[in-house]
Protein chains: 6
Amino acid sequence: MSKLIYITRRERFSAAHKLSKSNWSDEKNYEVFGKCANPNWHGHNYDLYVTVKGEVKPETGFVMDLKLLSDLIKSLVIEHLDHKNINLDTPFMEGIMASTENICIAIWEQLEGVVAEHGAALHYIKLQETENNFVEYYG
Amino acid sequence: MSKLIYITRRERFSAAHKLSKSNWSDEKNYEVFGKCANPNWHGHNYDLYVTVKGEVKPETGFVMDLKLLSDLIKSLVIEHLDHKNINLDTPFMEGIMASTENICIAIWEQLEGVVAEHGAALHYIKLQETENNFVEYYG
Amino acid sequence: MSKLIYITRRERFSAAHKLSKSNWSDEKNYEVFGKCANPNWHGHNYDLYVTVKGEVKPETGFVMDLKLLSDLIKSLVIEHLDHKNINLDTPFMEGIMASTENICIAIWEQLEGVVAEHGAALHYIKLQETENNFVEYYG
Amino acid sequence: MSKLIYITRRERFSAAHKLSKSNWSDEKNYEVFGKCANPNWHGHNYDLYVTVKGEVKPETGFVMDLKLLSDLIKSLVIEHLDHKNINLDTPFMEGIMASTENICIAIWEQLEGVVAEHGAALHYIKLQETENNFVEYYG
Amino acid sequence: MSKLIYITRRERFSAAHKLSKSNWSDEKNYEVFGKCANPNWHGHNYDLYVTVKGEVKPETGFVMDLKLLSDLIKSLVIEHLDHKNINLDTPFMEGIMASTENICIAIWEQLEGVVAEHGAALHYIKLQETENNFVEYYG
Amino acid sequence: MSKLIYITRRERFSAAHKLSKSNWSDEKNYEVFGKCANPNWHGHNYDLYVTVKGEVKPETGFVMDLKLLSDLIKSLVIEHLDHKNINLDTPFMEGIMASTENICIAIWEQLEGVVAEHGAALHYIKLQETENNFVEYYG
């Protein structure tokens with residue numbers, strides 16, 4: 001009988017962003033987004049948790065090699081976010097409001113296919129913006 | 001196609017409580033509740049995590065404005081618990097044993113309706129009493 | 001109407017292990033398991049989270065007495081892992097590759113029956129090996 | 001040549017307290033102590049760090065056996081504070097305002113002599129009331 | 001006899017910055033500052049610890065009212081840093097390289113005088129940029 | 001006027017060790033070192049904090065480039081400890097009891113000279129073995 005198990009890798013990045021819509025006035029942007037609309041950008045240290053699921057392989061005792069998972073997250077996600085401006089520098093966020101929700105969904109889309117190619121399934125992404133705020137997504 | 005996403009706000013409070021039943025003897029209370037039955041009260045720093053779910057609004061990139069969620073938690077929950085005695089001072093705990101389980105359920109009941117009025121759905125409450133103990137509730 | 005609630009106890013242990021298969025060459029072991037194959041062992045501080053679920057008992061406000069849950073985890077799990085070599089000293093890991101996945105599954109099997117005997121149900125085990133890596137299991 | 005080194009043990013306790021002076025009016029107490037004056041008590045999870053210093057003993061590689069230090073802290077300090085009301089139940093706080101500063105100083109006085117009897121010197125006490133507030137004392 | 005004691009308040013802010021000198025080429029800036037020179041900014045969640053020292057006042061048991069200390073830090077420091085671009089928006093960082101070292105020293109200068117006016121002495125500032133990096137300053 | 005400032009880098013490693021003296025009986029070793037004497041080894045995740053001090057360089061705003069400090073710690077310390085057996089595999093611990101105190105002092109000796117060569121001064125090493133135990137050394 002199969003035993004489904006979940007394994008998680010944490011990676012971190014620091015990035016700048018702002019929340020504002022170019023077709024809104026400054027007043028409207030402040031009203032809706034508060035201090036997150038500061039036109040001169042602000043930033044965060046983000047914690048990213050990526051959970052994959054699958055059965056334990058008898059040979060290795062692994063669902064998926066965590067070193068490989070870490071390498072995939074680094075090359076497909078962290079590389080494009082760390083010490084970047086998410087609104088300006090991150091290809092997979094082009095034209096998308098840089099809310100924590102939207103960044104989390106975009107990270108899922110970066111990783112879903114490549115995890116499947118390595119015999120596991122992407123299960124869950126958690127993106128933590130501050131100690132007090134985080135977003136979770138199951139696809 | 002809709003994309004369900006979860007967003008969490010953490011708030012904290014410090015409170016005193018004890019666990020005991022008035023119709024039990026002191027001996028019975030100590031036997032069942034241990035040092036938590038100390039008649040002179042004891043207390044904790046609680047961490048409260050409130051998760052709401054919904055779809056991302058295209059205008060804002062938000063499920064729900066976290067500033068608004070924080071304000072609701074503060075006025076409906078934290079205000080009645082922080083620097084209070086949960087057994088004596090908290091209206092929504094009147095007549096209820098102040099176990100972590102019961103506080104968690106009572107907080108759910110404070111928030112469920114008001115979150116729904118703001119276009120999201122309450123998904124999950126986690127109440128952490130110490131580094132080693134926490135309770136989770138999905139309604 | 002019943003209200004299902006989840007309560008979690010964290011316990012910790014420090015242990016040594018290595019990842020290697022005796023019928024593989026050293027080269028093959030290093031290739032598959034990397035630095036985790038160091039023949040002289042290495043070790044970790046593990047954080048173990050055990051979640052049980054059930055309804056709140058009206059008398060106590062508890063799902064299950066956390067002191068009792070802690071005692072069960074200590075005698076059935078921690079006792080056999082803390083300050084031990086998981087490959088050599090832990091009876092319930094005999095003949096099993098000491099991956100985090102397999103340790104987590106073995107801990108589930110140690111606890112499932114005894115939690116049920118005390119009127120709750122084992123729901124979830126999380127085993128955290130480092131700040132960056134953890135495994136979760138729901139049976 | 002001697003090598004001075006510092007070793008620290010953390011212990012934790014949960015307690016209730018309030019800040020108020022019996023010869024002040026309720027209004028005066030609220031004005032000076034804010035919500036900490038709540039007459040029905042409130043509480044915290046405290047983290048206590050005790051640092052001793054000395055030279056490394058050649059036989060053991062230890063300044064002082066940490067198990068022994070932990071036992072001394074538990075019997076002389078934690079026993080009188082954990083799941084207690086600091087204003088009412090703690091002998092070494094009798095007649096003293098239960099501010100974090102005063103609790104920290106009183107803990108120093110409990111431990112200084114007994115650490116010296118075991119061949120080390122008490123160096124530092126840190127008492128953390130919340131994530132945001134802590135007090136430090138060097139005697 | 002007087003008893004010197006130390007009390008610390010933690011506050012947090014999120015900000016954007018970059019490290020670069022306007023009179024250096026982009027190549028020189030990348031060579032010296034690495035990814036911190038990204039011209040489109042990046043950001044962090046900073047943890048700020050402010051320690052003041054003094055004697056315990058007999059009336060209150062306090063060195064200094066922590067609520068007051070928190071209010072001073074918020075109005076003189078956090079207000080100018082949180083959700084700001086440190087290079088562009090922070091008056092007390094004008095013309096100064098926005099390294100963690102320099103921000104820490106500038107915060108000291110904002111607070112030293114005003115703490116002294118309230119009967120305590122500023123002792124120490126710690127500014128934590130990430131889990132792995134922090135700076136400390138004693139004036 | 002010069003301004004002395006302190007900057008800290010955290011690195012981590014996982015290692016196995018045991019505490020025992022080869023010329024003592026097993027009974028004597030258990031009596032003195034408790035479960036740390038388990039002959040089959042046990043292990044920990046260690047957190048290492050390295051603090052250097054100096055003045056801020058006007059050109060860079062740095063005391064010392066943290067990337068360089070991190071590289072030095074990795075090549076001189078972490079490389080010899082991570083996923084190793086400290087008693088058997090770590091050249092700079094040969095013939096030394098693997099207590100946290102002694103590991104901390106040995107790390108100081110690895111780093112003191114090389115930090116001085118880069119224009120800063122080694123100030124402090126903290127080695128954290130568990131959440132509850134850590135050692136500090138100032139040379």
# chains A, B, ... in the order shown; residues from 1 in each chain; ligands from 1
$ interface_residues --of "chain E" --to "chain D" --cutoff "12 Å" --atoms "only C-alpha atoms" --output "PyMOL selection string"
chain E and resi 1-12+47-70+123
$ write_last_selection --atoms "C-alpha atoms" --output "CSV table (one decimal), in the first residue's frame"
chain,number,residue,atom,x,y,z
E,1,MET,CA,23.7,50.9,46.4
E,2,SER,CA,22.7,51.5,42.8
E,3,LYS,CA,21.8,48.6,40.5
E,4,LEU,CA,22.3,49.3,36.8
E,5,ILE,CA,19.9,47.4,34.6
E,6,TYR,CA,19.3,47.2,30.8
E,7,ILE,CA,15.9,47.2,29.1
E,8,THR,CA,15.3,46.6,25.4
E,9,ARG,CA,12.5,47.4,23.0
E,10,ARG,CA,12.2,45.7,19.6
E,11,GLU,CA,10.6,47.5,16.7
E,12,ARG,CA,10.5,46.5,13.0
E,47,ASP,CA,14.5,44.2,13.2
E,48,LEU,CA,15.7,47.1,15.4
E,49,TYR,CA,16.6,46.5,19.1
E,50,VAL,CA,17.1,49.6,21.3
E,51,THR,CA,18.6,49.1,24.7
E,52,VAL,CA,18.6,51.8,27.4
E,53,LYS,CA,20.2,51.5,30.8
E,54,GLY,CA,19.6,53.1,34.2
E,55,GLU,CA,18.6,52.3,37.7
E,56,VAL,CA,15.1,51.0,38.7
E,57,LYS,CA,12.8,53.8,39.9
E,58,PRO,CA,11.4,52.7,43.3
E,59,GLU,CA,7.9,54.0,42.6
E,60,THR,CA,7.3,52.1,39.3
E,61,GLY,CA,9.9,49.4,39.2
E,62,PHE,CA,10.9,50.7,35.8
E,63,VAL,CA,14.1,52.0,34.3
E,64,MET,CA,12.0,53.8,31.7
E,65,ASP,CA,8.4,53.3,30.6
E,66,LEU,CA,8.6,50.9,27.6
E,67,LYS,CA,5.5,52.4,26.1
E,68,LEU,CA,7.2,55.8,26.0
E,69,LEU,CA,10.4,54.3,24.6
E,70,SER,CA,8.4,52.6,21.9
E,123,HIS,CA,23.3,51.9,25.7
$ residues_around --residues "Glu94 in chain D" --least-positions-apart "6" --cutoff "12 Å" --atoms "only C-alpha atoms" --output "mmCIF file with C-alpha atoms, in the first residue's frame"
data_model
loop_
_atom_site.group_PDB
_atom_site.id
_atom_site.type_symbol
_atom_site.label_atom_id
_atom_site.label_comp_id
_atom_site.auth_asym_id
_atom_site.auth_seq_id
_atom_site.Cartn_x
_atom_site.Cartn_y
_atom_site.Cartn_z
ATOM 1 C CA HIS D 80 8.395 29.568 42.292
ATOM 2 C CA ASN D 85 0.811 34.618 40.172
ATOM 3 C CA ILE D 86 4.021 36.584 40.711
ATOM 4 C CA ASN D 87 2.335 39.162 42.956
ATOM 5 C CA LEU D 88 0.733 36.547 45.219
ATOM 6 C CA ASN D 102 12.539 43.688 39.475
ATOM 7 C CA ILE D 103 11.872 40.034 38.621
ATOM 8 C CA ALA D 106 15.384 38.945 42.156
#
$ calpha_fit_and_write --fixed "chain A" --moving "chain F" --output "PDB file with C-alpha atoms, in the first residue's frame"
ATOM      1  CA  MET F   1       0.007  -0.018  -0.062  1.00  0.00           C
ATOM      2  CA  SER F   2       1.301   3.415  -0.964  1.00  0.00           C
ATOM      3  CA  LYS F   3       2.186   6.018   1.648  1.00  0.00           C
ATOM      4  CA  LEU F   4       1.824   9.628   0.539  1.00  0.00           C
ATOM      5  CA  ILE F   5       4.293  11.924   2.270  1.00  0.00           C
ATOM      6  CA  TYR F   6       5.062  15.655   2.016  1.00  0.00           C
ATOM      7  CA  ILE F   7       8.495  17.276   2.064  1.00  0.00           C
ATOM      8  CA  THR F   8       9.230  20.986   2.247  1.00  0.00           C
ATOM      9  CA  ARG F   9      12.188  23.152   1.362  1.00  0.00           C
ATOM     10  CA  ARG F  10      12.524  26.721   2.597  1.00  0.00           C
ATOM     11  CA  GLU F  11      14.434  29.332   0.574  1.00  0.00           C
ATOM     12  CA  ARG F  12      14.617  33.071   1.158  1.00  0.00           C
ATOM     13  CA  PHE F  13      14.979  36.243  -0.884  1.00  0.00           C
ATOM     14  CA  SER F  14      15.073  40.000  -0.358  1.00  0.00           C
ATOM     15  CA  ALA F  15      13.307  42.219  -2.844  1.00  0.00           C
ATOM     16  CA  ALA F  16      11.778  45.646  -3.408  1.00  0.00           C
ATOM     17  CA  HIS F  17       8.259  46.289  -4.658  1.00  0.00           C
ATOM     18  CA  LYS F  18       5.353  48.699  -4.481  1.00  0.00           C
ATOM     19  CA  LEU F  19       1.607  48.353  -4.857  1.00  0.00           C
ATOM     20  CA  SER F  20       0.033  50.852  -7.222  1.00  0.00           C
ATOM     21  CA  LYS F  21      -1.906  51.007 -10.438  1.00  0.00           C
ATOM     22  CA  SER F  22      -0.500  53.294 -13.124  1.00  0.00           C
ATOM     23  CA  ASN F  23      -3.976  54.372 -14.255  1.00  0.00           C
ATOM     24  CA  TRP F  24      -4.970  55.499 -10.743  1.00  0.00           C
ATOM     25  CA  SER F  25      -4.086  58.831  -9.141  1.00  0.00           C
ATOM     26  CA  ASP F  26      -1.561  58.917  -6.278  1.00  0.00           C
ATOM     27  CA  GLU F  27      -4.463  59.682  -3.909  1.00  0.00           C
ATOM     28  CA  LYS F  28      -6.430  56.629  -5.053  1.00  0.00           C
ATOM     29  CA  ASN F  29      -3.326  54.436  -4.726  1.00  0.00           C
ATOM     30  CA  TYR F  30      -2.646  55.627  -1.157  1.00  0.00           C
ATOM     31  CA  GLU F  31      -6.298  55.165  -0.263  1.00  0.00           C
ATOM     32  CA  VAL F  32      -6.353  51.525  -1.443  1.00  0.00           C
ATOM     33  CA  PHE F  33      -2.798  50.355  -0.732  1.00  0.00           C
ATOM     34  CA  GLY F  34      -1.746  52.597   2.167  1.00  0.00           C
ATOM     35  CA  LYS F  35       1.992  52.929   2.797  1.00  0.00           C
ATOM     36  CA  CYS F  36       2.583  50.015   0.366  1.00  0.00           C
ATOM     37  CA  ALA F  37       1.986  52.527  -2.439  1.00  0.00           C
ATOM     38  CA  ASN F  38       5.122  54.599  -1.601  1.00  0.00           C
ATOM     39  CA  PRO F  39       6.335  55.574  -5.120  1.00  0.00           C
ATOM     40  CA  ASN F  40      10.008  55.234  -4.117  1.00  0.00           C
ATOM     41  CA  TRP F  41       9.593  51.481  -3.399  1.00  0.00           C
ATOM     42  CA  HIS F  42       9.965  49.547  -0.165  1.00  0.00           C
ATOM     43  CA  GLY F  43      11.090  45.989   0.435  1.00  0.00           C
ATOM     44  CA  HIS F  44      10.996  42.789   2.401  1.00  0.00           C
ATOM     45  CA  ASN F  45      12.842  39.629   3.341  1.00  0.00           C
ATOM     46  CA  TYR F  46      10.549  36.905   2.018  1.00  0.00           C
ATOM     47  CA  ASP F  47      10.512  33.302   3.259  1.00  0.00           C
ATOM     48  CA  LEU F  48       9.375  30.844   0.593  1.00  0.00           C
ATOM     49  CA  TYR F  49       8.227  27.302   1.497  1.00  0.00           C
ATOM     50  CA  VAL F  50       7.786  24.788  -1.320  1.00  0.00           C
ATOM     51  CA  THR F  51       6.087  21.471  -0.492  1.00  0.00           C
ATOM     52  CA  VAL F  52       6.141  18.483  -2.848  1.00  0.00           C
ATOM     53  CA  LYS F  53       4.352  15.182  -2.291  1.00  0.00           C
ATOM     54  CA  GLY F  54       4.832  11.621  -3.409  1.00  0.00           C
ATOM     55  CA  GLU F  55       5.694   8.159  -2.177  1.00  0.00           C
ATOM     56  CA  VAL F  56       8.974   7.238  -0.571  1.00  0.00           C
ATOM     57  CA  LYS F  57      11.367   5.587  -3.065  1.00  0.00           C
ATOM     58  CA  PRO F  58      12.600   2.330  -1.510  1.00  0.00           C
ATOM     59  CA  GLU F  59      16.181   2.759  -2.744  1.00  0.00           C
ATOM     60  CA  THR F  60      16.802   6.189  -1.200  1.00  0.00           C
ATOM     61  CA  GLY F  61      14.093   6.721   1.401  1.00  0.00           C
ATOM     62  CA  PHE F  62      13.381  10.021  -0.404  1.00  0.00           C
ATOM     63  CA  VAL F  63      10.286  11.474  -2.059  1.00  0.00           C
ATOM     64  CA  MET F  64      12.595  13.759  -4.022  1.00  0.00           C
ATOM     65  CA  ASP F  65      16.217  14.750  -3.453  1.00  0.00           C
ATOM     66  CA  LEU F  66      16.023  17.979  -1.416  1.00  0.00           C
ATOM     67  CA  LYS F  67      19.296  19.226  -2.910  1.00  0.00           C
ATOM     68  CA  LEU F  68      17.719  18.948  -6.370  1.00  0.00           C
ATOM     69  CA  LEU F  69      14.516  20.662  -5.204  1.00  0.00           C
ATOM     70  CA  SER F  70      16.604  23.468  -3.697  1.00  0.00           C
ATOM     71  CA  ASP F  71      18.554  23.862  -6.980  1.00  0.00           C
ATOM     72  CA  LEU F  72      15.335  24.066  -9.000  1.00  0.00           C
ATOM     73  CA  ILE F  73      13.832  26.696  -6.698  1.00  0.00           C
ATOM     74  CA  LYS F  74      17.043  28.705  -6.820  1.00  0.00           C
ATOM     75  CA  SER F  75      17.386  28.708 -10.620  1.00  0.00           C
ATOM     76  CA  LEU F  76      13.697  29.177 -11.511  1.00  0.00           C
ATOM     77  CA  VAL F  77      12.526  31.465  -8.698  1.00  0.00           C
ATOM     78  CA  ILE F  78      15.129  32.945  -6.344  1.00  0.00           C
ATOM     79  CA  GLU F  79      17.473  33.981  -9.192  1.00  0.00           C
ATOM     80  CA  HIS F  80      14.713  36.252 -10.529  1.00  0.00           C
ATOM     81  CA  LEU F  81      13.631  37.727  -7.187  1.00  0.00           C
ATOM     82  CA  ASP F  82      16.582  38.025  -4.808  1.00  0.00           C
ATOM     83  CA  HIS F  83      18.010  41.559  -4.570  1.00  0.00           C
ATOM     84  CA  LYS F  84      15.653  42.571  -7.382  1.00  0.00           C
ATOM     85  CA  ASN F  85      12.779  44.983  -7.823  1.00  0.00           C
ATOM     86  CA  ILE F  86       9.769  42.699  -8.362  1.00  0.00           C
ATOM     87  CA  ASN F  87       7.859  45.312 -10.371  1.00  0.00           C
ATOM     88  CA  LEU F  88      10.776  46.034 -12.720  1.00  0.00           C
ATOM     89  CA  ASP F  89      13.224  43.109 -12.776  1.00  0.00           C
ATOM     90  CA  THR F  90      11.255  39.844 -12.495  1.00  0.00           C
ATOM     91  CA  PRO F  91      10.235  38.422 -15.883  1.00  0.00           C
ATOM     92  CA  PHE F  92       7.438  36.195 -14.526  1.00  0.00           C
ATOM     93  CA  MET F  93       5.794  39.177 -12.739  1.00  0.00           C
ATOM     94  CA  GLU F  94       5.610  41.452 -15.792  1.00  0.00           C
ATOM     95  CA  GLY F  95       2.262  43.224 -15.955  1.00  0.00           C
ATOM     96  CA  ILE F  96       1.053  41.692 -12.665  1.00  0.00           C
ATOM     97  CA  MET F  97       0.321  43.625  -9.450  1.00  0.00           C
ATOM     98  CA  ALA F  98       3.136  42.628  -7.037  1.00  0.00           C
ATOM     99  CA  SER F  99       0.869  41.562  -4.152  1.00  0.00           C
ATOM    100  CA  THR F 100       2.018  38.629  -2.031  1.00  0.00           C
ATOM    101  CA  GLU F 101      -0.930  36.657  -3.426  1.00  0.00           C
ATOM    102  CA  ASN F 102       0.156  37.176  -7.027  1.00  0.00           C
ATOM    103  CA  ILE F 103       3.856  36.483  -6.378  1.00  0.00           C
ATOM    104  CA  CYS F 104       2.858  33.212  -4.693  1.00  0.00           C
ATOM    105  CA  ILE F 105       0.715  32.107  -7.650  1.00  0.00           C
ATOM    106  CA  ALA F 106       3.476  33.041 -10.121  1.00  0.00           C
ATOM    107  CA  ILE F 107       6.020  30.966  -8.176  1.00  0.00           C
ATOM    108  CA  TRP F 108       3.653  27.981  -8.358  1.00  0.00           C
ATOM    109  CA  GLU F 109       3.528  28.326 -12.127  1.00  0.00           C
ATOM    110  CA  GLN F 110       7.331  28.429 -12.347  1.00  0.00           C
ATOM    111  CA  LEU F 111       7.704  25.177 -10.408  1.00  0.00           C
ATOM    112  CA  GLU F 112       4.708  22.951 -11.142  1.00  0.00           C
ATOM    113  CA  GLY F 113       5.958  21.428 -14.392  1.00  0.00           C
ATOM    114  CA  VAL F 114       9.558  20.884 -13.426  1.00  0.00           C
ATOM    115  CA  VAL F 115       8.692  19.147 -10.135  1.00  0.00           C
ATOM    116  CA  ALA F 116       6.428  16.765 -12.088  1.00  0.00           C
ATOM    117  CA  GLU F 117       9.314  15.942 -14.433  1.00  0.00           C
ATOM    118  CA  HIS F 118      11.283  14.689 -11.416  1.00  0.00           C
ATOM    119  CA  GLY F 119       8.671  12.202 -10.235  1.00  0.00           C
ATOM    120  CA  ALA F 120       6.981  14.214  -7.472  1.00  0.00           C
ATOM    121  CA  ALA F 121       3.971  16.568  -7.405  1.00  0.00           C
ATOM    122  CA  LEU F 122       3.954  20.195  -6.322  1.00  0.00           C
ATOM    123  CA  HIS F 123       1.524  20.398  -3.392  1.00  0.00           C
ATOM    124  CA  TYR F 124       1.761  23.783  -1.714  1.00  0.00           C
ATOM    125  CA  ILE F 125       3.525  27.145  -1.803  1.00  0.00           C
ATOM    126  CA  LYS F 126       3.718  29.438   1.223  1.00  0.00           C
ATOM    127  CA  LEU F 127       5.120  32.923   0.863  1.00  0.00           C
ATOM    128  CA  GLN F 128       5.792  34.813   4.079  1.00  0.00           C
ATOM    129  CA  GLU F 129       6.247  38.581   3.733  1.00  0.00           C
ATOM    130  CA  THR F 130       6.610  39.475   7.426  1.00  0.00           C
ATOM    131  CA  GLU F 131       6.298  37.686  10.760  1.00  0.00           C
ATOM    132  CA  ASN F 132       2.627  38.615  10.709  1.00  0.00           C
ATOM    133  CA  ASN F 133       1.545  38.067   7.089  1.00  0.00           C
ATOM    134  CA  PHE F 134       1.726  35.079   4.779  1.00  0.00           C
ATOM    135  CA  VAL F 135      -0.071  33.580   1.778  1.00  0.00           C
ATOM    136  CA  GLU F 136      -0.669  29.908   0.895  1.00  0.00           C
ATOM    137  CA  TYR F 137      -1.563  28.350  -2.440  1.00  0.00           C
ATOM    138  CA  TYR F 138      -2.442  24.773  -3.488  1.00  0.00           C
ATOM    139  CA  GLY F 139      -2.761  25.347  -7.257  1.00  0.00           C
TER     140      GLY F 139
END
$ select_by_dssp --residues "chain B" --states "alpha helix (DSSP H)" --output "VMD selection string"
chain B and resid 26 to 33 66 to 73 79 to 81 86 to 89 100 to 117
